[in-house]
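Reproduced below: data.txt, with compact mmCIF, C-alpha atoms.
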```txt
# COMPACT_ATOMS: atom_id res chain seq x y z
CA MET A 26 190.66 133.66 130.47
CA LYS A 27 189.14 136.46 128.41
CA ILE A 28 187.01 135.53 125.40
CA LEU A 29 186.13 138.17 122.82
CA ILE A 30 183.10 137.46 120.60
CA ILE A 31 182.85 139.53 117.41
CA PRO A 32 179.52 138.87 115.65
CA GLY A 33 179.36 138.95 111.85
CA LEU A 34 177.34 137.85 108.85
CA THR A 35 177.23 134.15 109.76
CA LEU A 36 176.88 134.82 113.50
CA PRO A 37 174.87 138.04 113.73
CA SER A 38 174.17 137.67 117.45
CA VAL A 39 174.82 135.36 120.38
CA ALA A 40 171.99 134.48 122.76
CA ASP A 41 172.42 135.07 126.47
CA GLU A 42 172.17 131.35 127.18
CA ASP A 43 174.99 130.66 124.71
CA ILE A 44 177.15 133.36 126.30
CA GLU A 45 176.60 131.61 129.63
CA ARG A 46 177.54 128.24 128.10
CA ILE A 47 180.71 129.82 126.72
CA ARG A 48 181.55 131.36 130.11
CA ILE A 49 181.19 128.01 131.84
CA ALA A 50 183.12 126.07 129.18
CA GLY A 51 185.91 128.63 129.54
CA GLY A 52 186.19 127.99 133.29
CA ASN A 53 184.23 131.03 134.48
CA ALA A 54 185.84 133.07 131.72
CA GLU A 55 185.27 136.75 131.11
CA VAL A 56 183.15 136.95 127.95
CA VAL A 57 182.94 140.21 126.00
CA VAL A 58 180.76 140.75 122.94
CA SER A 59 181.88 143.61 120.71
CA ALA A 60 181.04 145.01 117.31
CA LEU A 61 183.87 144.68 114.80
CA GLU A 62 184.61 148.41 114.74
CA ASP A 63 185.05 148.48 118.54
CA ALA A 64 186.80 145.15 119.02
CA ILE A 65 190.30 146.59 118.79
CA LYS A 66 189.66 148.25 122.17
CA GLN A 67 189.14 144.81 123.72
CA VAL A 68 191.64 142.61 121.92
CA GLY A 69 194.77 143.71 123.81
CA ASP A 70 194.26 141.40 126.79
CA THR A 71 192.12 138.78 125.03
CA ASP A 72 193.08 135.10 125.09
CA VAL A 73 190.49 133.72 122.67
CA VAL A 74 188.58 135.33 119.79
CA LEU A 75 185.37 134.01 118.27
CA GLY A 76 184.93 135.94 115.03
CA LEU A 77 186.98 137.72 112.38
CA LEU A 78 190.39 139.14 113.24
CA SER A 79 191.96 141.84 111.09
CA LYS A 80 195.69 142.36 110.84
CA LYS A 81 195.36 145.60 112.80
CA MET A 82 193.53 143.81 115.59
CA PHE A 83 196.03 140.96 115.66
CA LEU A 84 198.94 143.37 115.97
CA ALA A 85 197.15 145.07 118.87
CA SER A 86 196.82 141.80 120.80
CA SER A 87 199.39 140.81 123.41
CA ARG A 88 198.28 137.44 124.80
CA LEU A 89 196.11 135.94 122.07
CA LYS A 90 196.35 132.14 121.91
CA TRP A 91 193.50 130.96 119.73
CA VAL A 92 191.04 132.30 117.14
CA HIS A 93 187.88 130.44 116.12
CA ALA A 94 186.59 131.78 112.81
CA ILE A 95 182.92 132.31 112.03
CA ALA A 96 183.61 131.45 108.40
CA SER A 97 184.40 128.20 106.64
CA GLY A 98 186.96 129.85 104.36
CA VAL A 99 189.87 131.43 106.22
CA ASP A 100 191.83 133.16 103.46
CA MET A 101 191.15 136.53 105.14
CA PHE A 102 193.23 135.40 108.15
CA LEU A 103 196.30 134.36 106.21
CA TYR A 104 198.40 137.51 106.49
CA ASP A 105 202.07 136.84 107.20
CA GLU A 106 202.10 137.99 110.82
CA PHE A 107 199.27 135.67 111.79
CA VAL A 108 200.48 132.69 109.77
CA SER A 109 203.94 132.84 111.34
CA SER A 110 202.59 133.24 114.87
CA GLY A 111 201.85 130.48 117.36
CA VAL A 112 198.18 131.44 117.56
CA ILE A 113 195.89 128.50 116.80
CA LEU A 114 193.23 128.96 114.13
CA THR A 115 190.09 126.82 114.01
CA SER A 116 186.95 127.20 111.95
CA GLU A 117 183.62 125.66 111.07
CA LYS A 118 185.15 123.65 108.23
CA GLY A 119 183.25 120.43 107.76
CA LEU A 120 180.06 121.95 109.20
CA VAL A 121 178.78 123.89 106.17
CA GLY A 122 178.82 121.27 103.45
CA GLU A 123 175.19 120.24 103.72
CA HIS A 124 173.66 123.61 102.91
CA LEU A 125 176.34 124.49 100.37
CA ALA A 126 175.57 121.25 98.54
CA ASP A 127 171.82 121.92 98.70
CA HIS A 128 172.47 125.28 97.05
CA GLY A 129 174.86 123.81 94.49
CA PHE A 130 172.31 121.32 93.28
CA GLY A 131 169.60 123.96 93.34
CA LEU A 132 171.62 126.13 90.97
CA LEU A 133 172.54 123.13 88.83
CA LEU A 134 168.87 122.21 88.41
CA MET A 135 168.12 125.78 87.38
CA LEU A 136 170.23 125.02 84.31
CA THR A 137 169.50 121.36 83.62
CA ARG A 138 165.72 121.66 83.98
CA GLN A 139 165.45 125.08 82.28
CA LEU A 140 164.04 126.59 85.47
CA ALA A 141 166.07 129.77 85.02
CA THR A 142 164.59 130.16 81.54
CA ALA A 143 161.07 129.65 82.84
CA LEU A 144 161.57 132.30 85.51
CA ARG A 145 163.13 134.74 83.07
CA LEU A 146 160.36 134.38 80.49
CA GLY A 147 157.47 134.29 82.96
CA PRO A 148 154.09 133.91 81.20
CA ALA A 149 155.84 133.92 77.83
CA SER A 150 157.53 130.62 78.75
CA TRP A 151 154.40 128.79 77.53
CA GLU A 152 155.29 129.96 74.04
CA HIS A 153 158.76 128.38 74.34
CA ARG A 154 157.87 124.92 75.62
CA PRO A 155 159.32 122.90 72.70
CA GLU A 156 162.59 124.85 72.84
CA MET A 157 162.86 124.50 76.62
CA ARG A 158 162.03 120.79 76.58
CA SER A 159 164.68 120.16 73.93
CA LYS A 160 167.34 121.59 76.25
CA GLU A 161 166.33 119.83 79.47
CA ILE A 162 168.83 117.36 80.88
CA GLU A 163 168.31 114.40 83.20
CA LEU A 164 171.24 113.84 85.56
CA THR A 165 170.81 110.06 85.80
CA GLY A 166 173.89 108.29 84.50
CA SER A 167 175.99 111.45 84.15
CA THR A 168 179.30 112.01 85.91
CA LEU A 169 179.99 114.60 88.58
CA GLY A 170 183.61 115.66 89.02
CA ILE A 171 184.36 117.19 92.41
CA PHE A 172 187.39 119.44 92.86
CA GLY A 173 188.12 119.29 96.59
CA PHE A 174 186.79 116.36 98.62
CA GLY A 175 186.29 118.01 102.00
CA GLY A 176 182.98 118.57 103.74
CA THR A 177 181.32 120.33 100.82
CA GLY A 178 182.68 117.90 98.24
CA LYS A 179 181.45 114.92 100.22
CA ALA A 180 178.01 116.48 100.66
CA MET A 181 177.83 117.08 96.90
CA ALA A 182 178.79 113.44 96.31
CA ARG A 183 176.05 112.15 98.60
CA ARG A 184 173.43 114.20 96.79
CA ALA A 185 174.78 113.13 93.41
CA VAL A 186 174.14 109.50 94.34
CA GLY A 187 170.49 110.37 94.88
CA PHE A 188 170.36 111.69 91.33
CA GLY A 189 171.87 108.49 89.96
CA MET A 190 175.17 110.13 89.05
CA ARG A 191 178.65 108.63 88.98
CA VAL A 192 181.14 110.60 91.09
CA ILE A 193 184.84 111.23 90.56
CA ALA A 194 186.40 113.27 93.38
CA LEU A 195 189.82 114.92 93.45
CA ASP A 196 191.77 116.07 96.48
CA ARG A 197 195.38 117.05 97.10
CA GLU A 198 195.42 114.77 100.16
CA GLU A 199 195.32 110.99 99.87
CA MET A 200 191.75 110.04 100.77
CA GLU A 201 189.68 106.88 100.88
CA VAL A 202 186.70 106.40 98.62
CA SER A 203 183.62 107.40 100.64
CA ASP A 204 180.30 109.26 100.63
CA GLY A 205 179.14 107.70 97.40
CA ALA A 206 182.17 108.59 95.31
CA ASP A 207 183.15 105.96 92.78
CA GLU A 208 186.78 107.01 92.85
CA VAL A 209 189.01 109.58 94.51
CA VAL A 210 192.08 110.77 92.61
CA GLY A 211 195.01 113.02 93.42
CA PRO A 212 196.14 116.19 91.61
CA GLU A 213 197.69 114.11 88.86
CA GLY A 214 194.18 113.03 87.85
CA PHE A 215 192.90 116.58 87.29
CA GLU A 216 192.73 116.60 83.50
CA SER A 217 191.30 113.08 83.39
CA MET A 218 188.56 114.05 85.85
CA LEU A 219 187.69 117.10 83.76
CA ALA A 220 187.56 115.10 80.53
CA ARG A 221 185.21 112.49 82.03
CA SER A 222 182.83 114.81 83.90
CA ASP A 223 179.48 116.11 82.70
CA VAL A 224 179.29 118.42 85.70
CA VAL A 225 182.34 119.84 87.50
CA SER A 226 181.82 121.19 91.00
CA ILE A 227 184.42 123.43 92.64
CA CYS A 228 184.41 122.54 96.34
CA CYS A 229 187.86 123.68 97.45
CA PRO A 230 189.09 126.48 99.71
CA LEU A 231 190.92 129.50 98.31
CA THR A 232 194.67 129.00 98.66
CA PRO A 233 197.67 130.14 96.61
CA GLU A 234 197.48 126.73 94.93
CA THR A 235 193.80 126.98 93.94
CA ARG A 236 193.60 130.70 93.08
CA GLY A 237 192.99 130.98 89.32
CA LYS A 238 193.08 127.21 88.87
CA PHE A 239 190.04 127.27 86.61
CA ASP A 240 191.44 129.18 83.65
CA SER A 241 191.27 128.81 79.88
CA SER A 242 193.35 125.63 79.88
CA THR A 243 191.10 124.05 82.49
CA PHE A 244 187.91 124.96 80.64
CA SER A 245 189.40 123.61 77.41
CA ALA A 246 190.02 120.27 79.13
CA MET A 247 186.32 119.97 80.04
CA LYS A 248 183.63 118.52 77.78
CA ASP A 249 181.93 121.16 75.65
CA GLU A 250 178.59 120.01 77.09
CA ALA A 251 179.87 120.18 80.69
CA LEU A 252 178.38 122.42 83.37
CA LEU A 253 180.41 124.18 86.07
CA VAL A 254 179.16 124.58 89.64
CA ASN A 255 180.87 126.77 92.25
CA VAL A 256 179.54 127.48 95.74
CA THR A 257 182.86 127.90 97.60
CA ARG A 258 185.32 130.52 96.36
CA GLY A 259 185.00 132.65 93.24
CA GLU A 260 188.68 133.52 92.97
CA VAL A 261 189.39 129.92 91.99
CA MET A 262 188.02 130.95 88.57
CA VAL A 263 189.60 133.43 86.14
CA GLU A 264 186.67 135.66 85.19
CA GLU A 265 187.75 136.63 81.68
CA ASP A 266 188.56 133.01 80.79
CA LEU A 267 185.23 131.85 82.21
CA VAL A 268 183.30 134.43 80.18
CA VAL A 269 185.06 133.40 76.98
CA ALA A 270 184.47 129.70 77.67
CA LEU A 271 180.76 130.29 78.25
CA ARG A 272 180.29 132.70 75.36
CA GLU A 273 182.12 130.55 72.82
CA GLY A 274 180.69 127.18 73.89
CA VAL A 275 183.88 125.76 75.34
CA ILE A 276 181.64 124.68 78.25
CA ALA A 277 177.84 124.61 78.27
CA GLY A 278 176.98 126.60 81.36
CA ALA A 279 177.83 127.73 84.88
CA ALA A 280 175.89 127.67 88.15
CA LEU A 281 177.59 130.10 90.53
CA ASP A 282 177.04 131.34 94.06
CA VAL A 283 180.46 133.01 94.10
CA ALA A 284 182.29 135.22 91.62
CA PRO A 285 185.92 136.19 91.00
CA ARG A 286 185.00 139.72 92.11
CA GLU A 287 182.46 140.37 94.85
CA PRO A 288 180.13 142.04 94.58
CA LEU A 289 180.23 141.29 90.88
CA PRO A 290 180.02 144.61 88.97
CA GLU A 291 176.96 145.27 86.82
CA ASN A 292 179.14 145.48 83.74
CA SER A 293 180.43 141.91 84.08
CA GLU A 294 179.37 139.86 81.08
CA LEU A 295 178.48 137.01 83.44
CA TRP A 296 175.22 138.85 84.19
CA THR A 297 174.15 138.80 80.54
CA LEU A 298 174.97 135.22 79.52
CA GLU A 299 171.86 133.04 79.28
CA ASN A 300 173.84 129.89 80.16
CA VAL A 301 174.77 131.29 83.59
CA VAL A 302 172.72 131.26 86.78
CA MET A 303 174.01 133.11 89.83
CA SER A 304 173.11 133.89 93.41
CA PRO A 305 174.87 136.56 95.52
CA HIS A 306 177.10 134.40 97.75
CA THR A 307 174.17 133.17 99.83
CA ALA A 308 174.85 129.41 99.76
CA GLY A 309 176.41 129.65 103.21
CA ALA A 310 173.12 130.42 104.92
CA SER A 311 171.31 127.84 107.05
CA GLN A 312 169.07 127.92 110.10
CA PHE A 313 171.55 125.49 111.69
CA ARG A 314 174.83 127.22 110.87
CA ALA A 315 175.31 129.50 113.87
CA SER A 316 174.27 126.90 116.45
CA ARG A 317 176.57 124.27 114.93
CA ASN A 318 179.53 126.63 115.10
CA ILE A 319 178.78 127.78 118.66
CA ASP A 320 178.51 124.14 119.74
CA ARG A 321 181.90 123.40 118.17
CA PHE A 322 183.41 126.46 119.82
CA ILE A 323 182.13 125.36 123.22
CA ARG A 324 183.49 121.83 122.74
CA ASN A 325 186.80 123.34 121.69
CA LEU A 326 186.88 125.58 124.76
CA GLU A 327 186.58 122.49 126.92
CA HIS A 328 189.38 120.81 124.98
CA PHE A 329 191.52 123.96 125.02
CA ARG A 330 191.40 124.32 128.82
CA VAL A 331 192.86 120.83 129.33
CA GLY A 332 195.33 120.87 126.44
CA GLU A 333 193.45 118.49 124.16
CA SER A 334 193.29 118.62 120.37
CA LEU A 335 190.72 120.99 118.88
CA GLU A 336 188.15 120.37 116.15
CA GLY A 337 188.42 122.15 112.81
CA VAL A 338 192.08 123.15 113.15
CA ILE A 339 193.44 125.08 110.16
CA ASP A 340 196.91 124.44 108.79
CA LYS A 341 197.86 128.08 108.33
CA GLU A 342 200.59 127.26 105.83
CA LEU A 343 198.23 125.28 103.58
CA GLY A 344 195.28 127.60 104.17
CA TYR A 345 192.68 124.99 105.14
```
Please lay out the structure from this file as structure tokens.
Amino acid sequence: MKILIIPGLTLPSVADEDIERIRIAGGNAEVVVSALEDAIKQVGDTDVVLGLLSKKMFLASSRLKWVHAIASGVDMFLYDEFVSSGVILTSEKGLVGEHLADHGFGLLLMLTRQLATALRLGPASWEHRPEMRSKEIELTGSTLGIFGFGGTGKAMARRAVGFGMRVIALDREEMEVSDGADEVVGPEGFESMLARSDVVSICCPLTPETRGKFDSSTFSAMKDEALLVNVTRGEVMVEEDLVVALREGVIAGAALDVAPREPLPENSELWTLENVVMSPHTAGASQFRASRNIDRFIRNLEHFRVGESLEGVIDKELGY
């Protein structure tokens, strides 16, 4: 078996001891580490890839059986040739929710506790204390609506319980109530969830079904005092509709780690709106992320060799 490792943003390097663990788990496999720009020279006779796989690289492969992504979102893999192939796709889905949820609540608190205002004003903030205090919001007793009840959605729900919030989660799959959620509804409950939520958190993957889901009609269905949180995929939001909703008070604010365009151009009005806080798609960082994914990959190698089911399998037709 030949295993090709292609480091990237979430897995910038692989330690020698981990390469040895991978070699052993693969049954004395040949393990090659290659930069992305050189990987096409290695992919032809590769059986397993750990990393990103472009369409050009996929078409150059001849015996590829399985790809393990170093990203939680896999929309970049879903080109027709790969989707229709028999190549298995797994990912770190379910492993990134904890730090994404930490970041989501961090951004949310920047709005609710006027922390963004304090940072922006600096020393002058002391002159605006009454105004800032009048806008501060306590989360206790408010309702969090979660759009997508996977790993990130469940992690958001658990944190919401700590803040004394009620949680309504929505998922396209039938799911049991868990992780502190008070109820879990299906797609038919979308508008009801929006209407009852004080904070709406986008926690879904990017699929044809979710792309552009948060548009003008969605924002209009939300409370005018509601806040939007998004730490998963920016393309779920329609940028122009979001700007209008924020500028005209259709919703009260947005806490975003992702944007509909990335990097978000300087001329986007999202940069100038005082009811928006943003970070540059950094919610996915954690000191534990790479090791968690390598551990899953090694477990999956052991399963793969004996024909057992793998962890984190992606349904390529659904996109998650």
Write out as a list in words the residues lying within 8 Å of Thr243 (chain A), counting only C-alpha atoms and excluding same-chain residues fewer than 4 positions away.
Glu216, Leu219, Lys238, Phe239 and Met247 of chain A
From the list A:Glu299, A:Glu62, A:Glu342, A:Glu264, which residue is nearest Leu136 (chain A) when using only C-alpha atoms?
A:Glu299
Separation of CA of Val121 (chain A) from CA of Asp41 (chain A) in Å
24.0 Å
Best match for closeness to Leu144 (chain A) among A:Ile227, A:Arg330, A:Val302, A:Val263, counting all atoms listed in the file:
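Closest to Leu144 (chain A) of all the choices is A:Val302.
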Of the candidates A:Gly344, A:Lys27, A:Leu134, A:Gly178, which shows the shortest atom-to-atom distance to Asn53 (chain A), using all atoms listed in the file?
A:Lys27
I'd like the neighbourhood of region 306-312 of chain A as a PyMOL selection string, where a residue qualifies if any of its atoms comes within 6 Å (using all atoms listed in the file), though same-chain residues fewer than 3 positions away should be ignored.
chain A and resi 125+128+282-283
Selected residues, C-alpha atoms, written as a PDB file, in the coordinates of the input, please.
```pdb
ATOM      1  CA  LEU A 125     176.340 124.490 100.370  1.00  0.00           C
ATOM      2  CA  HIS A 128     172.470 125.280  97.050  1.00  0.00           C
ATOM      3  CA  ASP A 282     177.040 131.340  94.060  1.00  0.00           C
ATOM      4  CA  VAL A 283     180.460 133.010  94.100  1.00  0.00           C
TER       5      VAL A 283
END
```
Spatial neighbours of Asn318 (chain A), max dist 10 Å, only C-alpha atoms, sep filter under 5 positions, as a list in words
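Near neighbours after the sequence-gap exclusion: Thr35, Leu36, Leu75, His93, Ala94, Ile95, Ala96, Ser97, Ser116, Glu117, Lys118, Leu120, Val121, Phe313, Ile323 and Arg324 of chain A.
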Which residue is closest to Ser87 (chain A)? Choose from A:Leu164, A:Leu326, A:Ile193, A:Val73 and count all atoms listed in the file.
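Closest to Ser87 (chain A) of all the choices is A:Val73.
Restricting the calculation to all atoms listed in the file, the smallest distance between Cys229 (chain A) and any of A:Gly278, A:Gly98, A:Thr137, A:Arg321 is found for A:Gly98.
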Just to confirm, what's the straight-line distance from CA of Ala141 (chain A) to CA of Arg191 (chain A) in Å (one decimal)?
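Between CA of Ala141 (chain A) and CA of Arg191 (chain A) the gap is 24.9 Å.
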Mind pulling up the distance from CA of Met218 (chain A) to CA of Ala185 (chain A)?
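Computed distance, CA of Ala185 (chain A) to CA of Met218 (chain A), equals 15.7 Å.
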Return the single residue from A:Val186, A:Ala40, A:Val209, A:Val108 that is closest to Leu343 (chain A), with distances computed using all atoms listed in the file.
A:Val108
In the coordinates of the file, take the point (188.3, 127.3, 133.5) and a cut-off of 9 Å; then, counting only C-alpha atoms, name each qualifying protein, DNA or RNA residue as a list of chain:residue names.
A:Met26, A:Arg48, A:Ile49, A:Ala50, A:Gly51, A:Gly52, A:Asn53, A:Ala54, A:Glu327, A:Arg330, A:Val331
For Leu78 (chain A), work out the shell of residues within 9 Å, counting only C-alpha atoms and skipping chain neighbours fewer than 6 positions away, then give it as a PDB file with C-alpha atoms, keeping the file's coordinate frame.
```pdb
ATOM      1  CA  ILE A  31     182.850 139.530 117.410  1.00  0.00           C
ATOM      2  CA  LEU A  61     183.870 144.680 114.800  1.00  0.00           C
ATOM      3  CA  VAL A  92     191.040 132.300 117.140  1.00  0.00           C
ATOM      4  CA  ALA A  94     186.590 131.780 112.810  1.00  0.00           C
ATOM      5  CA  MET A 101     191.150 136.530 105.140  1.00  0.00           C
ATOM      6  CA  PHE A 102     193.230 135.400 108.150  1.00  0.00           C
TER       7      PHE A 102
END
```
Edge lengths and centre in Å, axis-aligned, region 220-224 of chain A plus 3 Å each side, as lines of an AutoDock Vina configuration file:
```
center_x = 183.4
center_y = 115.5
center_z = 83.1
size_x = 14.3
size_y = 11.9
size_z = 11.2
```
Residues near Ala182 (chain A), cut-off 8 Å, only C-alpha atoms, skip fewer than 4 positions along chain, as a ChimeraX atom specification
/A:169,171,178,186,192,204-206
As a PDB file, in the frame of the given file, please: region 92-120 of chain A completed to N, CA and C atoms.
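The resulting file, result-v6.pdb, is shown below:
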```pdb
ATOM      1  N   VAL A  92     192.145 131.635 117.829  1.00  0.00           N
ATOM      2  CA  VAL A  92     191.040 132.300 117.140  1.00  0.00           C
ATOM      3  C   VAL A  92     190.154 131.228 116.519  1.00  0.00           C
ATOM      4  N   HIS A  93     188.845 131.325 116.773  1.00  0.00           N
ATOM      5  CA  HIS A  93     187.880 130.440 116.120  1.00  0.00           C
ATOM      6  C   HIS A  93     187.073 131.279 115.143  1.00  0.00           C
ATOM      7  N   ALA A  94     187.216 130.980 113.861  1.00  0.00           N
ATOM      8  CA  ALA A  94     186.590 131.780 112.810  1.00  0.00           C
ATOM      9  C   ALA A  94     185.102 131.490 112.708  1.00  0.00           C
ATOM     10  N   ILE A  95     184.349 132.495 112.309  1.00  0.00           N
ATOM     11  CA  ILE A  95     182.920 132.310 112.030  1.00  0.00           C
ATOM     12  C   ILE A  95     182.725 132.285 110.510  1.00  0.00           C
ATOM     13  N   ALA A  96     183.662 131.636 109.844  1.00  0.00           N
ATOM     14  CA  ALA A  96     183.610 131.450 108.400  1.00  0.00           C
ATOM     15  C   ALA A  96     184.259 130.121 108.083  1.00  0.00           C
ATOM     16  N   SER A  97     183.790 129.472 107.028  1.00  0.00           N
ATOM     17  CA  SER A  97     184.400 128.200 106.640  1.00  0.00           C
ATOM     18  C   SER A  97     185.704 128.439 105.886  1.00  0.00           C
ATOM     19  N   GLY A  98     185.726 129.456 105.026  1.00  0.00           N
ATOM     20  CA  GLY A  98     186.960 129.850 104.360  1.00  0.00           C
ATOM     21  C   GLY A  98     187.749 130.793 105.259  1.00  0.00           C
ATOM     22  N   VAL A  99     189.058 130.635 105.292  1.00  0.00           N
ATOM     23  CA  VAL A  99     189.870 131.430 106.220  1.00  0.00           C
ATOM     24  C   VAL A  99     190.949 132.233 105.509  1.00  0.00           C
ATOM     25  N   ASP A 100     190.799 132.449 104.199  1.00  0.00           N
ATOM     26  CA  ASP A 100     191.830 133.160 103.460  1.00  0.00           C
ATOM     27  C   ASP A 100     192.046 134.569 103.985  1.00  0.00           C
ATOM     28  N   MET A 101     191.013 135.175 104.606  1.00  0.00           N
ATOM     29  CA  MET A 101     191.150 136.530 105.140  1.00  0.00           C
ATOM     30  C   MET A 101     192.050 136.592 106.382  1.00  0.00           C
ATOM     31  N   PHE A 102     192.357 135.441 106.973  1.00  0.00           N
ATOM     32  CA  PHE A 102     193.230 135.400 108.150  1.00  0.00           C
ATOM     33  C   PHE A 102     194.704 135.196 107.786  1.00  0.00           C
ATOM     34  N   LEU A 103     194.982 134.882 106.541  1.00  0.00           N
ATOM     35  CA  LEU A 103     196.300 134.360 106.210  1.00  0.00           C
ATOM     36  C   LEU A 103     197.314 135.444 105.860  1.00  0.00           C
ATOM     37  N   TYR A 104     197.340 136.522 106.633  1.00  0.00           N
ATOM     38  CA  TYR A 104     198.400 137.510 106.490  1.00  0.00           C
ATOM     39  C   TYR A 104     199.640 137.000 107.225  1.00  0.00           C
ATOM     40  N   ASP A 105     200.807 137.443 106.778  1.00  0.00           N
ATOM     41  CA  ASP A 105     202.070 136.840 107.200  1.00  0.00           C
ATOM     42  C   ASP A 105     202.231 136.819 108.718  1.00  0.00           C
ATOM     43  N   GLU A 106     201.878 137.909 109.362  1.00  0.00           N
ATOM     44  CA  GLU A 106     202.100 137.990 110.820  1.00  0.00           C
ATOM     45  C   GLU A 106     201.300 136.929 111.566  1.00  0.00           C
ATOM     46  N   PHE A 107     200.090 136.670 111.114  1.00  0.00           N
ATOM     47  CA  PHE A 107     199.270 135.670 111.790  1.00  0.00           C
ATOM     48  C   PHE A 107     199.739 134.258 111.458  1.00  0.00           C
ATOM     49  N   VAL A 108     200.045 134.026 110.190  1.00  0.00           N
ATOM     50  CA  VAL A 108     200.480 132.690 109.770  1.00  0.00           C
ATOM     51  C   VAL A 108     201.745 132.270 110.520  1.00  0.00           C
ATOM     52  N   SER A 109     202.666 133.187 110.702  1.00  0.00           N
ATOM     53  CA  SER A 109     203.940 132.840 111.340  1.00  0.00           C
ATOM     54  C   SER A 109     203.865 132.813 112.866  1.00  0.00           C
ATOM     55  N   SER A 110     202.734 133.216 113.416  1.00  0.00           N
ATOM     56  CA  SER A 110     202.590 133.240 114.870  1.00  0.00           C
ATOM     57  C   SER A 110     202.218 131.860 115.400  1.00  0.00           C
ATOM     58  N   GLY A 111     202.254 131.730 116.723  1.00  0.00           N
ATOM     59  CA  GLY A 111     201.850 130.480 117.360  1.00  0.00           C
ATOM     60  C   GLY A 111     200.375 130.424 117.697  1.00  0.00           C
ATOM     61  N   VAL A 112     199.604 131.410 117.258  1.00  0.00           N
ATOM     62  CA  VAL A 112     198.180 131.440 117.560  1.00  0.00           C
ATOM     63  C   VAL A 112     197.453 130.358 116.760  1.00  0.00           C
ATOM     64  N   ILE A 113     196.661 129.568 117.443  1.00  0.00           N
ATOM     65  CA  ILE A 113     195.890 128.500 116.800  1.00  0.00           C
ATOM     66  C   ILE A 113     194.701 129.099 116.057  1.00  0.00           C
ATOM     67  N   LEU A 114     194.408 128.550 114.894  1.00  0.00           N
ATOM     68  CA  LEU A 114     193.230 128.960 114.130  1.00  0.00           C
ATOM     69  C   LEU A 114     192.348 127.746 113.908  1.00  0.00           C
ATOM     70  N   THR A 115     191.088 127.846 114.321  1.00  0.00           N
ATOM     71  CA  THR A 115     190.090 126.820 114.010  1.00  0.00           C
ATOM     72  C   THR A 115     188.929 127.482 113.290  1.00  0.00           C
ATOM     73  N   SER A 116     188.088 126.648 112.705  1.00  0.00           N
ATOM     74  CA  SER A 116     186.950 127.200 111.950  1.00  0.00           C
ATOM     75  C   SER A 116     185.800 126.203 111.960  1.00  0.00           C
ATOM     76  N   GLU A 117     184.785 126.529 111.205  1.00  0.00           N
ATOM     77  CA  GLU A 117     183.620 125.660 111.070  1.00  0.00           C
ATOM     78  C   GLU A 117     183.758 124.739 109.861  1.00  0.00           C
ATOM     79  N   LYS A 118     184.987 124.516 109.389  1.00  0.00           N
ATOM     80  CA  LYS A 118     185.150 123.650 108.230  1.00  0.00           C
ATOM     81  C   LYS A 118     184.578 122.261 108.552  1.00  0.00           C
ATOM     82  N   GLY A 119     183.908 121.702 107.562  1.00  0.00           N
ATOM     83  CA  GLY A 119     183.250 120.430 107.760  1.00  0.00           C
ATOM     84  C   GLY A 119     181.824 120.535 108.268  1.00  0.00           C
ATOM     85  N   LEU A 120     181.404 121.755 108.657  1.00  0.00           N
ATOM     86  CA  LEU A 120     180.060 121.950 109.200  1.00  0.00           C
ATOM     87  C   LEU A 120     179.098 122.613 108.213  1.00  0.00           C
TER      88      LEU A 120
END
```
